[in-house]
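These notes concern the structure reproduced below.
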Amino acid sequence: MTDSLHALPERFNFAQHILGVNAQRGSKTAFIDEQGALSYAELDLRVRQMATALRSLGLKREERVLVLMLDCNDWPVSFLGAIYAGLVPVAVNTLLTADDYAYMLEHARAQAVLVSGALLPTLTAAMTRSDHEVHKVIVSKPMAPLHPSEVEISQFLAGATPAIKPAATGPDEQAFWLYSSGSTGRPKGTVHSHANPYWTAELYGKAVLGLRENDVCFSAAKLFFAYGLGNALTFPMSVGATTILMAERPTPDATFRRWTGQAAGVKPTVFFGAPTGFAGMLAAPNLPARGDVALRLVSSAGEALPADIGERFKAHFGIDIVDGIGSTEMLHIFLSNRPDKVRYGTTGWPVPGYDIELRGEDGKPVPDGEAGDLYIHGPSSAMMYWGNRVKTRETFQGGWTKSGDKYIRNEDGSCTYCGRSDDMLKVSGIYVSPFEVEATLVQHASVLEAAVIGKQDVDGLTKTKAYVVLKTGQTVTEDELKAFVKERLAPYKYPRFIEFVADLPKTATGKIQRFKLREQDAPQS
């Protein structure tokens with residue numbers, strides 16, 4: 001129970017804490033990117049130099065700095081340096097548009113930006129569209145001559161005396177923001193405290209995953225995601241492990257080059273991925289052999305993992321995929337399988353230190369076997385959505401966080417994902433989980449991916465429609481797929497309509513955007 005968790009000290013700065021954990025590991029490699037390795041001693045020095053350099057700009061406590069940076073060794077230096085200084089780094093998605101960044105600059109009132117050279121043109125376009133003034137732009141790996149208002153990061157740090165003391169922050173003060181990837185409307189600035197990453201590392205990274213000092217971690221999810229931030233920074237640093245950082249997209253080929261040691265010179269022992277990525281890798285012709293990798297632990301989140309993908313991965317590599325669910329609002333995973341206890345087709349059990357409830361539309365707990373809205377109570381919940389009181393009240397309710405997911409609790413206490421609350425379908429008066437139908441479709445040997453939505457038939461009744469992506473070179477008919485699903489699910493669940501497509505719309509995290517499919521399928525007025 002969360003009530004039994006011990007309190008953190010009155011003065012707590014997360015950057016100071018995580019550097020202190022590794023104070024005796026100076027020569028050990030903390031991060032490896034395409035440019036080389038960064039030891040824990042070098043990281044400590046640069047973080048404290050970054051704190052001094054940012055303060056020298058005249059930035060004040062709790063002012064925000066935007067971190068728009070591809071995964072590289074400069075990312076943890078920038079993020080932790082800002083936190084050490086008592087500033088608030090706002091880590092943002094590197095795949096967005098200039099309009100998105102213009103909104104975030106204004107919404108966060110960012111006083112400085114730390115940006116990758118490859119993303120500088122987009123940032124510049126964003127700044128020209130915004131009335132908000134940024135004091136300084138610090139550039140990692142510039143790709144062109146810089147403007148006088150811009151400075152290369154190593155020059156920015158050169159000559160900066162390492163800060164001796166961190167800002168005297170407390171565990172409940174804001175430490176950083178992450179923007180939620182809202183399916184509609186503007187993204188929400190999710191505010192996290194100094195204590196929150198500490199709790200995710202203690203309760204999940206250590207206690208559930210069992211990460212070790214000798215691990216080499218590699219995450220397909222990038223550092224600007226809540227999932228990736230834990231995987232590639234908070235968790236490995238909490239035990240003194242090493243992390244491989246990759247700037248490029250996590251394609252199967254790019255991932256395999258890391259798995260086999262070709263890219264970083266060392267093989268990861270722990271990999272953090274997502275269902276879409278695992279499906280693509282298992283379908284790839286150059287999937288490495290079991291003996292070519294050093295993986296001992298594999299994690300999945302982002303969307304529920306279809307049982308078939310987990311079973312095929314284990315058959316090939318001999319290790320399970322540990323599936324769990326987290327959120328930007330809870331910072332990391334709160335419901336999960338265990339490395340020694342995996343039940344495919346479920347998201348597992350509550351992480352110790354977190355409580356969950358499944359509630360009906362009346363707000364009361366539902367019995368086992370009945371779908372309910374997932375609520376979470378735990379120590380890593382965000383403080384608020386910045387400047388959005390209505391959404392804050394909807395999501396953060398008296399110590400409980402509403403996830404927006406539908407789940408069923410099974411007899412053994414594990415939980416089965418049904419879908420997002422706004423994705424659930426009512427067919428013939430009975431709720432149907434889109435995920436259940438999708439997970440069945442992908443069991444077919446020809447199917448790579450599937451997405452299911454509701455579509456009205458000629459009588460105006462809701463029926464299931466499936467969008468299906470086939471594997472390269474594979475064919476299957478609509479009738480064959482319908483029959484395949486009918487054999488495995490209740491008759492009312494099979495898709496009445498099937499449309500074959502080249503790809504599915506997804507968020508940057510790989511989540512299928514069913515709302516876009518609903519929009520394009522809606523009758524034209």
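Naming scheme: A, B, ... for chains in displayed order of the structure tokens; residues 1 onward per chain; ligands 1 onward as shown.
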Kindly provide the residues of stretch 142-235 of chain A that approach stretch 280-296 of chain A to within 10 Å, each paired with its closest atom pair and their distance in Å to one decimal, based on only C-alpha atoms, listed by chain and increasing number, as JSON lines.
```
{"residue": "A:Asp215", "atom": "CA", "partner": "A:Arg296", "partner_atom": "CA", "distance": 9.2}
{"residue": "A:Val216", "atom": "CA", "partner": "A:Leu295", "partner_atom": "CA", "distance": 9.2}
{"residue": "A:Cys217", "atom": "CA", "partner": "A:Leu295", "partner_atom": "CA", "distance": 9.5}
```
Closest of A:Val322, A:Ala7, A:Ala41, A:Val270 to A:Gly345, counting only C-alpha atoms, is A:Val322
Please report as a tab-separated table every residue of stretch 23-65 of chain A lying within 10 Å of stretch 112-128 of chain A, along with the nearest atom pair and their distance in Å (one decimal), using only C-alpha atoms.
```
residue	atom	partner	partner_atom	distance
A:Leu54	CA	A:Ala112	CA	8.5
A:Leu57	CA	A:Ala112	CA	8.8
A:Leu59	CA	A:Ala112	CA	8.5
A:Glu63	CA	A:Ala112	CA	9.2
A:Arg64	CA	A:Ala112	CA	7.5
A:Val65	CA	A:Ala112	CA	4.9
```
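Closest approach to A:Asp320 from the set A:Tyr198, A:Phe271, A:Tyr407, A:Tyr354 is made by A:Phe271, with distances taken over only C-alpha atoms.
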note - atom CA of A:Phe272 and atom CA of A:Ser299 are separated by 4.7 Å
